[in-house]
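Have a look at work_16.pdb; it's PDB, C-alpha atoms:
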ATOM      1  CA  MET A 187      11.903 -34.378  13.081  1.00  0.00           C
ATOM      2  CA  SER A 188      10.191 -31.171  11.986  1.00  0.00           C
ATOM      3  CA  ASP A 189      11.001 -27.535  12.571  1.00  0.00           C
ATOM      4  CA  LEU A 190       8.684 -24.547  12.697  1.00  0.00           C
ATOM      5  CA  VAL A 191       9.499 -22.603   9.557  1.00  0.00           C
ATOM      6  CA  TRP A 192       6.537 -20.369   8.761  1.00  0.00           C
ATOM      7  CA  ASP A 193       4.952 -18.419  11.599  1.00  0.00           C
ATOM      8  CA  TRP A 194       1.185 -18.143  11.954  1.00  0.00           C
ATOM      9  CA  PRO A 195       0.916 -14.549  10.634  1.00  0.00           C
ATOM     10  CA  LEU A 196       2.655 -15.590   7.410  1.00  0.00           C
ATOM     11  CA  ARG A 197       0.505 -18.705   7.021  1.00  0.00           C
ATOM     12  CA  LEU A 198      -2.693 -16.743   7.689  1.00  0.00           C
ATOM     13  CA  TRP A 199      -1.529 -14.103   5.209  1.00  0.00           C
ATOM     14  CA  HIS A 200      -0.795 -16.754   2.555  1.00  0.00           C
ATOM     15  CA  TRP A 201      -4.193 -18.452   2.703  1.00  0.00           C
ATOM     16  CA  THR A 202      -6.112 -15.172   3.096  1.00  0.00           C
ATOM     17  CA  LEU A 203      -4.302 -13.785   0.055  1.00  0.00           C
ATOM     18  CA  ALA A 204      -5.149 -16.916  -1.948  1.00  0.00           C
ATOM     19  CA  LEU A 205      -8.813 -16.623  -0.955  1.00  0.00           C
ATOM     20  CA  PHE A 206      -9.144 -12.941  -1.871  1.00  0.00           C
ATOM     21  CA  VAL A 207      -7.195 -13.275  -5.120  1.00  0.00           C
ATOM     22  CA  PHE A 208      -9.643 -15.988  -6.174  1.00  0.00           C
ATOM     23  CA  ILE A 209     -12.612 -13.889  -5.073  1.00  0.00           C
ATOM     24  CA  ALA A 210     -11.268 -10.977  -7.131  1.00  0.00           C
ATOM     25  CA  TRP A 211     -10.635 -13.249 -10.116  1.00  0.00           C
ATOM     26  CA  PHE A 212     -14.164 -14.645 -10.244  1.00  0.00           C
ATOM     27  CA  THR A 213     -16.195 -11.509  -9.439  1.00  0.00           C
ATOM     28  CA  PRO A 214     -15.444  -8.728 -11.970  1.00  0.00           C
ATOM     29  CA  ASN A 215     -18.375  -7.326 -13.972  1.00  0.00           C
ATOM     30  CA  LYS A 216     -20.946  -9.456 -12.099  1.00  0.00           C
ATOM     31  CA  TYR A 217     -20.216  -8.572  -8.484  1.00  0.00           C
ATOM     32  CA  ASP A 218     -18.245  -5.352  -8.789  1.00  0.00           C
ATOM     33  CA  SER A 219     -18.598  -4.344  -5.136  1.00  0.00           C
ATOM     34  CA  LEU A 220     -17.212  -7.685  -3.974  1.00  0.00           C
ATOM     35  CA  HIS A 221     -14.481  -7.458  -6.622  1.00  0.00           C
ATOM     36  CA  ARG A 222     -13.411  -4.021  -5.373  1.00  0.00           C
ATOM     37  CA  PHE A 223     -13.574  -5.152  -1.739  1.00  0.00           C
ATOM     38  CA  ALA A 224     -11.367  -8.157  -2.523  1.00  0.00           C
ATOM     39  CA  GLY A 225      -8.903  -5.891  -4.335  1.00  0.00           C
ATOM     40  CA  TYR A 226      -8.653  -3.538  -1.375  1.00  0.00           C
ATOM     41  CA  VAL A 227      -8.137  -6.490   0.979  1.00  0.00           C
ATOM     42  CA  VAL A 228      -5.305  -7.685  -1.295  1.00  0.00           C
ATOM     43  CA  ILE A 229      -3.722  -4.210  -1.122  1.00  0.00           C
ATOM     44  CA  GLY A 230      -3.824  -4.404   2.679  1.00  0.00           C
ATOM     45  CA  LEU A 231      -2.348  -7.905   2.595  1.00  0.00           C
ATOM     46  CA  LEU A 232       0.477  -6.714   0.325  1.00  0.00           C
ATOM     47  CA  VAL A 233       1.293  -3.891   2.735  1.00  0.00           C
ATOM     48  CA  PHE A 234       1.335  -6.397   5.594  1.00  0.00           C
ATOM     49  CA  ARG A 235       3.631  -8.793   3.697  1.00  0.00           C
ATOM     50  CA  VAL A 236       6.156  -6.129   2.815  1.00  0.00           C
ATOM     51  CA  SER A 237       6.180  -4.974   6.442  1.00  0.00           C
ATOM     52  CA  TRP A 238       6.452  -8.561   7.710  1.00  0.00           C
ATOM     53  CA  GLY A 239       9.381  -9.044   5.342  1.00  0.00           C
ATOM     54  CA  PHE A 240      11.348  -6.663   7.551  1.00  0.00           C
ATOM     55  CA  VAL A 241      10.038  -7.405  11.054  1.00  0.00           C
ATOM     56  CA  GLY A 242       8.752 -10.978  10.881  1.00  0.00           C
ATOM     57  CA  THR A 243      10.444 -14.160  11.965  1.00  0.00           C
ATOM     58  CA  ARG A 244      13.509 -15.620  10.254  1.00  0.00           C
ATOM     59  CA  HIS A 245      11.904 -17.328   7.242  1.00  0.00           C
ATOM     60  CA  SER A 246       9.428 -14.476   6.743  1.00  0.00           C
ATOM     61  CA  ARG A 247      12.117 -11.853   6.282  1.00  0.00           C
ATOM     62  CA  PHE A 248      13.548 -10.653   2.987  1.00  0.00           C
ATOM     63  CA  ARG A 249      17.108 -10.807   4.348  1.00  0.00           C
ATOM     64  CA  THR A 250      18.258 -13.652   2.039  1.00  0.00           C
ATOM     65  CA  LEU A 251      16.090 -12.676  -0.910  1.00  0.00           C
ATOM     66  CA  ARG A 252      18.829 -11.160  -3.061  1.00  0.00           C
ATOM     67  CA  ALA A 253      21.062 -14.240  -2.793  1.00  0.00           C
ATOM     68  CA  LYS A 254      18.161 -16.571  -3.547  1.00  0.00           C
ATOM     69  CA  LEU A 255      17.141 -14.527  -6.586  1.00  0.00           C
ATOM     70  CA  ARG A 256      20.712 -14.691  -7.912  1.00  0.00           C
ATOM     71  CA  ALA A 257      20.674 -18.463  -7.372  1.00  0.00           C
ATOM     72  CA  ALA A 258      17.283 -18.999  -9.042  1.00  0.00           C
ATOM     73  CA  PRO A 259      18.456 -19.592 -12.649  1.00  0.00           C
ATOM     74  CA  ALA A 260      21.024 -22.216 -11.598  1.00  0.00           C
ATOM     75  CA  TYR A 261      18.487 -23.779  -9.236  1.00  0.00           C
ATOM     76  CA  LEU A 262      15.890 -24.098 -12.001  1.00  0.00           C
ATOM     77  CA  TRP A 263      18.548 -25.516 -14.325  1.00  0.00           C
ATOM     78  CA  GLY A 264      19.460 -28.132 -11.707  1.00  0.00           C
ATOM     79  CA  LEU A 265      15.810 -29.132 -11.300  1.00  0.00           C
ATOM     80  CA  ARG A 266      15.946 -30.606 -14.809  1.00  0.00           C
ATOM     81  CA  HIS A 267      18.162 -33.300 -13.296  1.00  0.00           C
ATOM     82  CA  GLY A 268      16.218 -33.612 -10.034  1.00  0.00           C
ATOM     83  CA  ILE A 269      18.771 -31.599  -8.050  1.00  0.00           C
ATOM     84  CA  THR A 270      16.745 -29.764  -5.442  1.00  0.00           C
ATOM     85  CA  GLY A 271      18.956 -28.970  -2.486  1.00  0.00           C
ATOM     86  CA  ARG A 272      17.307 -28.562   0.897  1.00  0.00           C
ATOM     87  CA  TYR A 273      15.848 -25.265   2.054  1.00  0.00           C
ATOM     88  CA  MET A 274      13.926 -24.731   5.256  1.00  0.00           C
ATOM     89  CA  GLY A 275      12.356 -21.529   3.935  1.00  0.00           C
ATOM     90  CA  LEU A 276      11.715 -20.732   0.295  1.00  0.00           C
ATOM     91  CA  ASN A 277      14.034 -22.289  -2.249  1.00  0.00           C
ATOM     92  CA  PRO A 278      15.425 -19.951  -4.957  1.00  0.00           C
ATOM     93  CA  ALA A 279      12.557 -20.748  -7.341  1.00  0.00           C
ATOM     94  CA  GLY A 280      10.043 -20.038  -4.572  1.00  0.00           C
ATOM     95  CA  ALA A 281      11.747 -16.730  -3.792  1.00  0.00           C
ATOM     96  CA  ALA A 282      11.582 -15.720  -7.465  1.00  0.00           C
ATOM     97  CA  MET A 283       7.907 -16.730  -7.584  1.00  0.00           C
ATOM     98  CA  MET A 284       7.178 -14.687  -4.446  1.00  0.00           C
ATOM     99  CA  VAL A 285       8.772 -11.567  -5.953  1.00  0.00           C
ATOM    100  CA  ALA A 286       6.953 -12.064  -9.262  1.00  0.00           C
ATOM    101  CA  LEU A 287       3.588 -12.624  -7.574  1.00  0.00           C
ATOM    102  CA  LEU A 288       3.948  -9.718  -5.156  1.00  0.00           C
ATOM    103  CA  SER A 289       5.019  -7.430  -8.017  1.00  0.00           C
ATOM    104  CA  LEU A 290       2.170  -8.434 -10.314  1.00  0.00           C
ATOM    105  CA  LEU A 291      -0.370  -8.270  -7.499  1.00  0.00           C
ATOM    106  CA  THR A 292       0.832  -4.759  -6.721  1.00  0.00           C
ATOM    107  CA  ILE A 293       0.422  -3.718 -10.361  1.00  0.00           C
ATOM    108  CA  SER A 294      -2.979  -5.406 -10.601  1.00  0.00           C
ATOM    109  CA  THR A 295      -4.374  -3.881  -7.417  1.00  0.00           C
ATOM    110  CA  ILE A 296      -3.037  -0.385  -8.042  1.00  0.00           C
ATOM    111  CA  THR A 297      -4.405  -0.283 -11.590  1.00  0.00           C
ATOM    112  CA  GLY A 298      -7.674  -1.770 -10.330  1.00  0.00           C
ATOM    113  CA  ALA A 299      -7.960   0.998  -7.758  1.00  0.00           C
ATOM    114  CA  MET A 300      -7.088   3.537 -10.452  1.00  0.00           C
ATOM    115  CA  GLU A 301      -9.903   2.258 -12.667  1.00  0.00           C
ATOM    116  CA  VAL A 302     -12.567   3.407 -10.215  1.00  0.00           C
ATOM    117  CA  THR A 303     -11.246   6.964  -9.945  1.00  0.00           C
ATOM    118  CA  VAL A 304     -12.537   9.867 -11.996  1.00  0.00           C
ATOM    119  CA  SER A 305      -9.109  10.564 -13.469  1.00  0.00           C
ATOM    120  CA  PHE A 306      -8.430   7.050 -14.761  1.00  0.00           C
ATOM    121  CA  PHE A 307     -11.903   5.614 -15.384  1.00  0.00           C
ATOM    122  CA  GLY A 308     -12.010   4.271 -18.950  1.00  0.00           C
ATOM    123  CA  VAL A 309      -8.331   4.978 -19.662  1.00  0.00           C
ATOM    124  CA  TRP A 310      -7.249   2.154 -21.979  1.00  0.00           C
ATOM    125  CA  TRP A 311      -3.754   1.537 -20.629  1.00  0.00           C
ATOM    126  CA  VAL A 312      -5.003   1.338 -17.036  1.00  0.00           C
ATOM    127  CA  GLU A 313      -7.704  -1.166 -18.015  1.00  0.00           C
ATOM    128  CA  ASP A 314      -5.294  -3.209 -20.150  1.00  0.00           C
ATOM    129  CA  THR A 315      -2.587  -3.215 -17.477  1.00  0.00           C
ATOM    130  CA  HIS A 316      -5.099  -4.335 -14.862  1.00  0.00           C
ATOM    131  CA  SER A 317      -6.458  -7.069 -17.107  1.00  0.00           C
ATOM    132  CA  TYR A 318      -3.066  -8.398 -18.276  1.00  0.00           C
ATOM    133  CA  SER A 319      -1.462  -8.276 -14.836  1.00  0.00           C
ATOM    134  CA  SER A 320      -4.470 -10.062 -13.326  1.00  0.00           C
ATOM    135  CA  ASP A 321      -4.232 -12.783 -15.985  1.00  0.00           C
ATOM    136  CA  ALA A 322      -0.493 -13.075 -15.328  1.00  0.00           C
ATOM    137  CA  VAL A 323      -1.164 -13.444 -11.577  1.00  0.00           C
ATOM    138  CA  MET A 324      -3.442 -16.402 -12.247  1.00  0.00           C
ATOM    139  CA  ILE A 325      -0.868 -18.026 -14.540  1.00  0.00           C
ATOM    140  CA  LEU A 326       1.761 -17.615 -11.818  1.00  0.00           C
ATOM    141  CA  VAL A 327      -0.631 -19.000  -9.189  1.00  0.00           C
ATOM    142  CA  LEU A 328      -1.059 -22.105 -11.335  1.00  0.00           C
ATOM    143  CA  LEU A 329       2.736 -22.408 -11.754  1.00  0.00           C
ATOM    144  CA  HIS A 330       3.156 -21.873  -7.996  1.00  0.00           C
ATOM    145  CA  VAL A 331       0.755 -24.713  -7.183  1.00  0.00           C
ATOM    146  CA  LEU A 332       2.320 -27.024  -9.779  1.00  0.00           C
ATOM    147  CA  GLY A 333       5.808 -26.156  -8.522  1.00  0.00           C
ATOM    148  CA  THR A 334       4.776 -26.865  -4.947  1.00  0.00           C
ATOM    149  CA  ILE A 335       3.367 -30.240  -5.967  1.00  0.00           C
ATOM    150  CA  LEU A 336       6.527 -31.046  -7.947  1.00  0.00           C
ATOM    151  CA  MET A 337       8.769 -30.121  -5.024  1.00  0.00           C
ATOM    152  CA  SER A 338       6.567 -32.119  -2.659  1.00  0.00           C
ATOM    153  CA  VAL A 339       7.146 -35.180  -4.840  1.00  0.00           C
ATOM    154  CA  LEU A 340      10.880 -34.579  -5.286  1.00  0.00           C
ATOM    155  CA  LEU A 341      11.449 -33.885  -1.583  1.00  0.00           C
ATOM    156  CA  ARG A 342       8.933 -36.519  -0.415  1.00  0.00           C
ATOM    157  CA  GLU A 343       7.310 -33.956   1.843  1.00  0.00           C
ATOM    158  CA  ASN A 344       3.817 -32.443   1.737  1.00  0.00           C
ATOM    159  CA  LEU A 345       4.685 -28.769   1.307  1.00  0.00           C
ATOM    160  CA  ILE A 346       1.050 -27.723   1.019  1.00  0.00           C
ATOM    161  CA  TRP A 347       0.372 -29.202   4.454  1.00  0.00           C
ATOM    162  CA  ALA A 348       3.529 -27.470   5.717  1.00  0.00           C
ATOM    163  CA  MET A 349       1.959 -24.125   4.802  1.00  0.00           C
ATOM    164  CA  PHE A 350      -0.947 -25.017   7.101  1.00  0.00           C
ATOM    165  CA  THR A 351       1.127 -26.294  10.015  1.00  0.00           C
ATOM    166  CA  GLY A 352       4.185 -24.087   9.533  1.00  0.00           C
ATOM    167  CA  ARG A 353       6.420 -27.135   9.979  1.00  0.00           C
ATOM    168  CA  LYS A 354       8.833 -28.737   7.538  1.00  0.00           C
ATOM    169  CA  LEU A 355      10.853 -31.876   7.940  1.00  0.00           C
ATOM    170  CA  ARG A 356      14.431 -31.102   8.816  1.00  0.00           C
ATOM    171  CA  HIS A 357      15.919 -33.586   6.331  1.00  0.00           C
ATOM    172  CA  GLY A 358      12.993 -34.162   3.979  1.00  0.00           C
ATOM    173  CA  GLY A 359      11.122 -37.419   3.544  1.00  0.00           C
ATOM    174  CA  GLU A 360      11.810 -38.509   7.136  1.00  0.00           C
TER     175      GLU A 360
END

With the file now loaded, output its structure as structure tokens.
Amino acid sequence: MSDLVWDWPLRLWHWTLALFVFIAWFTPNKYDSLHRFAGYVVIGLLVFRVSWGFVGTRHSRFRTLRAKLRAAPAYLWGLRHGITGRYMGLNPAGAAMMVALLSLLTISTITGAMEVTVSFFGVWWVEDTHSYSSDAVMILVLLHVLGTILMSVLLRENLIWAMFTGRKLRHGGE
């Protein structure tokens, strides 16, 4: 038996964000106009996600975020022994990853937008912050994908497919 967990706006946001982050990652210096466009789209997507975190459906909201972030270290520690627990929305590790990714994407896009202004063009710390935060985003994206695959194996449920359909198994592996 499966339940609808992620609504269609959140799923569309997730895959659109992934697409435009990859476009931004592969286009700097060669296709600067496309790179800037992708960055501005990501800014718009971040604004949407923060808004949806307050007005969206149950598993889209940030209501339980604080508790999940507090639980994240113990959750990650338990994963060493295969202890996963069952979460219909994000597990504590997923919540921590979401906060880290949204934070770094915010830093990356803001500094990227700053780089094309007269006041901050060529300023070393803006360029370095944009570059390092963008690299960190890609490292976290890789960890996010690997973590999703790991949890799919441990829970015996295709969590990548669940982000397309919005549905998760109620009791995992059933």

Using all atoms listed in the file: which of A:Asn277, A:Ser289, A:Val302, A:Thr315 has the shortest distance to Thr334 of chain A =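 Looking only at the distances to Thr334 of chain A, the closest residue turns out to be A:Asn277.
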
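Taking all atoms listed in the file into account, Arg235 of chain A lies nearest to A:Leu203 out of the set A:Leu290, A:Ile269, A:Gly308, A:Leu203.
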
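The smallest atom-to-atom distance between Gly242 of chain A and any of A:Met349, A:Ala299, A:Val227, A:Val191, using all atoms listed in the file, is found for A:Val191.
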
In Å and to one decimal, atom CA of Ile209 of chain A is distant from atom CA of Ser320 of chain A by 12.2 Å

Skipping near chain neighbours, those fewer than 4 positions away, what residues fall within 10 Å of His200 of chain A using all atoms listed in the file, listed as a count of residues only? 9

Quick one: which residues end up in the PyMOL selection byres ((chain A and resi 301) around 12) for this structure, as a ChimeraX atom specification? /A:218,222,225,294-300,302-317

Output the selection as a PDB file, in the coordinates of the input - C-alpha atoms for each residue.
ATOM      1  CA  ASP A 218     -18.245  -5.352  -8.789  1.00  0.00           C
ATOM      2  CA  ARG A 222     -13.411  -4.021  -5.373  1.00  0.00           C
ATOM      3  CA  GLY A 225      -8.903  -5.891  -4.335  1.00  0.00           C
ATOM      4  CA  SER A 294      -2.979  -5.406 -10.601  1.00  0.00           C
ATOM      5  CA  THR A 295      -4.374  -3.881  -7.417  1.00  0.00           C
ATOM      6  CA  ILE A 296      -3.037  -0.385  -8.042  1.00  0.00           C
ATOM      7  CA  THR A 297      -4.405  -0.283 -11.590  1.00  0.00           C
ATOM      8  CA  GLY A 298      -7.674  -1.770 -10.330  1.00  0.00           C
ATOM      9  CA  ALA A 299      -7.960   0.998  -7.758  1.00  0.00           C
ATOM     10  CA  MET A 300      -7.088   3.537 -10.452  1.00  0.00           C
ATOM     11  CA  VAL A 302     -12.567   3.407 -10.215  1.00  0.00           C
ATOM     12  CA  THR A 303     -11.246   6.964  -9.945  1.00  0.00           C
ATOM     13  CA  VAL A 304     -12.537   9.867 -11.996  1.00  0.00           C
ATOM     14  CA  SER A 305      -9.109  10.564 -13.469  1.00  0.00           C
ATOM     15  CA  PHE A 306      -8.430   7.050 -14.761  1.00  0.00           C
ATOM     16  CA  PHE A 307     -11.903   5.614 -15.384  1.00  0.00           C
ATOM     17  CA  GLY A 308     -12.010   4.271 -18.950  1.00  0.00           C
ATOM     18  CA  VAL A 309      -8.331   4.978 -19.662  1.00  0.00           C
ATOM     19  CA  TRP A 310      -7.249   2.154 -21.979  1.00  0.00           C
ATOM     20  CA  TRP A 311      -3.754   1.537 -20.629  1.00  0.00           C
ATOM     21  CA  VAL A 312      -5.003   1.338 -17.036  1.00  0.00           C
ATOM     22  CA  GLU A 313      -7.704  -1.166 -18.015  1.00  0.00           C
ATOM     23  CA  ASP A 314      -5.294  -3.209 -20.150  1.00  0.00           C
ATOM     24  CA  THR A 315      -2.587  -3.215 -17.477  1.00  0.00           C
ATOM     25  CA  HIS A 316      -5.099  -4.335 -14.862  1.00  0.00           C
ATOM     26  CA  SER A 317      -6.458  -7.069 -17.107  1.00  0.00           C
TER      27      SER A 317
END

Give me the residues of segment 274-348 of chain A that have any atom at most 10 Å from an atom of segment 258-261 of chain A; for each, the nearest atom pair and the distance in Å, rounded to one decimal. Use all atoms listed in the file, sort by chain and number, and format it as a tab-separated table.
residue	atom	partner	partner_atom	distance
A:Asn277	CA	A:Ala258	CA	8.2
A:Pro278	CA	A:Ala258	CA	4.6
A:Ala279	CA	A:Ala258	CA	5.3
A:Gly280	CA	A:Ala258	CA	8.6
A:Ala281	CA	A:Ala258	CA	8.0
A:Ala282	CA	A:Ala258	CA	6.8
A:Met283	CA	A:Ala258	CA	9.8

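Among the candidates A:Leu255, A:Ala348, A:Leu341, A:Val233, the residue lying nearest to Ala286 of chain A is A:Leu255 (atoms considered: all atoms listed in the file).
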
Could you jot down the atom CA of Ala322 of chain A to atom CA of Val207 of chain A separation for me, Å, one decimal place?
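Interatomic distance here is 12.2 Å.
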
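The space between atom CA of Leu220 of chain A and atom CA of Leu291 of chain A spans 17.2 Å.
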
- Name the residues in contact with Phe240 of chain A at a cut-off of 8 Å, using only C-alpha atoms, excluding same-chain residues fewer than 6 positions from it; report them as an MDAnalysis selection string. chainID A and resid 247:249

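With only C-alpha atoms as the atoms that count, the minimum distance from Leu276 of chain A to the choices A:Trp201, A:Trp192, A:Trp211, A:Phe234 is reached by A:Trp192.
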
Tell me which protein, DNA and RNA residues are within 10 Å of segment 329-331 of chain A, counting all atoms listed in the file, leaving out same-chain ones fewer than 4 positions away, and put them as a JSON list (two decimals) with C-alpha atoms, keeping the file's coordinate frame.
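What follows is the written file out-v3.json:
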[["chain", "number", "residue", "atom", "x", "y", "z"],
["A", 279, "ALA", "CA", 12.56, -20.75, -7.34],
["A", 280, "GLY", "CA", 10.04, -20.04, -4.57],
["A", 283, "MET", "CA", 7.91, -16.73, -7.58],
["A", 284, "MET", "CA", 7.18, -14.69, -4.45],
["A", 287, "LEU", "CA", 3.59, -12.62, -7.57],
["A", 323, "VAL", "CA", -1.16, -13.44, -11.58],
["A", 324, "MET", "CA", -3.44, -16.40, -12.25],
["A", 325, "ILE", "CA", -0.87, -18.03, -14.54],
["A", 335, "ILE", "CA", 3.37, -30.24, -5.97],
["A", 336, "LEU", "CA", 6.53, -31.05, -7.95],
["A", 337, "MET", "CA", 8.77, -30.12, -5.02],
["A", 346, "ILE", "CA", 1.05, -27.72, 1.02]]

Can you take the partial segment 292-308 of chain A, add N, CA, C and O atoms, and return it as an mmCIF file, in the frame of the given file?
data_model
loop_
_atom_site.group_PDB
_atom_site.id
_atom_site.type_symbol
_atom_site.label_atom_id
_atom_site.label_comp_id
_atom_site.auth_asym_id
_atom_site.auth_seq_id
_atom_site.Cartn_x
_atom_site.Cartn_y
_atom_site.Cartn_z
ATOM 1 N N THR A 292 0.759 -6.201 -6.957
ATOM 2 C CA THR A 292 0.832 -4.759 -6.721
ATOM 3 C C THR A 292 0.355 -3.984 -7.946
ATOM 4 O O THR A 292 -0.455 -3.062 -7.847
ATOM 5 N N ILE A 293 0.839 -4.378 -9.117
ATOM 6 C CA ILE A 293 0.422 -3.718 -10.361
ATOM 7 C C ILE A 293 -1.080 -3.899 -10.576
ATOM 8 O O ILE A 293 -1.793 -2.938 -10.902
ATOM 9 N N SER A 294 -1.561 -5.121 -10.386
ATOM 10 C CA SER A 294 -2.979 -5.406 -10.601
ATOM 11 C C SER A 294 -3.870 -4.610 -9.652
ATOM 12 O O SER A 294 -4.872 -4.025 -10.082
ATOM 13 N N THR A 295 -3.509 -4.574 -8.376
ATOM 14 C CA THR A 295 -4.374 -3.881 -7.417
ATOM 15 C C THR A 295 -4.311 -2.364 -7.576
ATOM 16 O O THR A 295 -5.335 -1.692 -7.442
ATOM 17 N N ILE A 296 -3.137 -1.842 -7.861
ATOM 18 C CA ILE A 296 -3.037 -0.385 -8.042
ATOM 19 C C ILE A 296 -3.821 0.056 -9.271
ATOM 20 O O ILE A 296 -4.578 1.030 -9.226
ATOM 21 N N THR A 297 -3.658 -0.668 -10.388
ATOM 22 C CA THR A 297 -4.405 -0.283 -11.590
ATOM 23 C C THR A 297 -5.902 -0.532 -11.398
ATOM 24 O O THR A 297 -6.727 0.223 -11.931
ATOM 25 N N GLY A 298 -6.262 -1.552 -10.631
ATOM 26 C CA GLY A 298 -7.674 -1.770 -10.330
ATOM 27 C C GLY A 298 -8.257 -0.622 -9.532
ATOM 28 O O GLY A 298 -9.371 -0.160 -9.807
ATOM 29 N N ALA A 299 -7.503 -0.157 -8.547
ATOM 30 C CA ALA A 299 -7.960 0.998 -7.758
ATOM 31 C C ALA A 299 -8.020 2.257 -8.626
ATOM 32 O O ALA A 299 -8.932 3.084 -8.469
ATOM 33 N N MET A 300 -7.076 2.381 -9.551
ATOM 34 C CA MET A 300 -7.088 3.537 -10.452
ATOM 35 C C MET A 300 -8.326 3.544 -11.343
ATOM 36 O O MET A 300 -8.878 4.614 -11.639
ATOM 37 N N GLU A 301 -8.762 2.362 -11.748
ATOM 38 C CA GLU A 301 -9.903 2.258 -12.667
ATOM 39 C C GLU A 301 -11.189 2.850 -12.102
ATOM 40 O O GLU A 301 -12.063 3.238 -12.872
ATOM 41 N N VAL A 302 -11.328 2.898 -10.800
ATOM 42 C CA VAL A 302 -12.567 3.407 -10.215
ATOM 43 C C VAL A 302 -12.454 4.870 -9.799
ATOM 44 O O VAL A 302 -13.334 5.379 -9.114
ATOM 45 N N THR A 303 -11.382 5.530 -10.216
ATOM 46 C CA THR A 303 -11.246 6.964 -9.945
ATOM 47 C C THR A 303 -11.724 7.764 -11.156
ATOM 48 O O THR A 303 -11.751 7.252 -12.284
ATOM 49 N N VAL A 304 -12.075 8.998 -10.916
ATOM 50 C CA VAL A 304 -12.537 9.867 -11.996
ATOM 51 C C VAL A 304 -11.424 10.077 -13.024
ATOM 52 O O VAL A 304 -11.664 10.036 -14.236
ATOM 53 N N SER A 305 -10.215 10.257 -12.557
ATOM 54 C CA SER A 305 -9.109 10.564 -13.469
ATOM 55 C C SER A 305 -8.753 9.422 -14.404
ATOM 56 O O SER A 305 -8.311 9.663 -15.533
ATOM 57 N N PHE A 306 -8.900 8.188 -13.962
ATOM 58 C CA PHE A 306 -8.430 7.050 -14.761
ATOM 59 C C PHE A 306 -9.540 6.123 -15.245
ATOM 60 O O PHE A 306 -9.255 5.132 -15.918
ATOM 61 N N PHE A 307 -10.796 6.452 -14.930
ATOM 62 C CA PHE A 307 -11.903 5.614 -15.384
ATOM 63 C C PHE A 307 -11.946 5.599 -16.908
ATOM 64 O O PHE A 307 -11.956 6.642 -17.559
ATOM 65 N N GLY A 308 -11.929 4.397 -17.495
ATOM 66 C CA GLY A 308 -12.010 4.271 -18.950
ATOM 67 C C GLY A 308 -10.709 4.500 -19.694
ATOM 68 O O GLY A 308 -10.694 4.433 -20.925
#
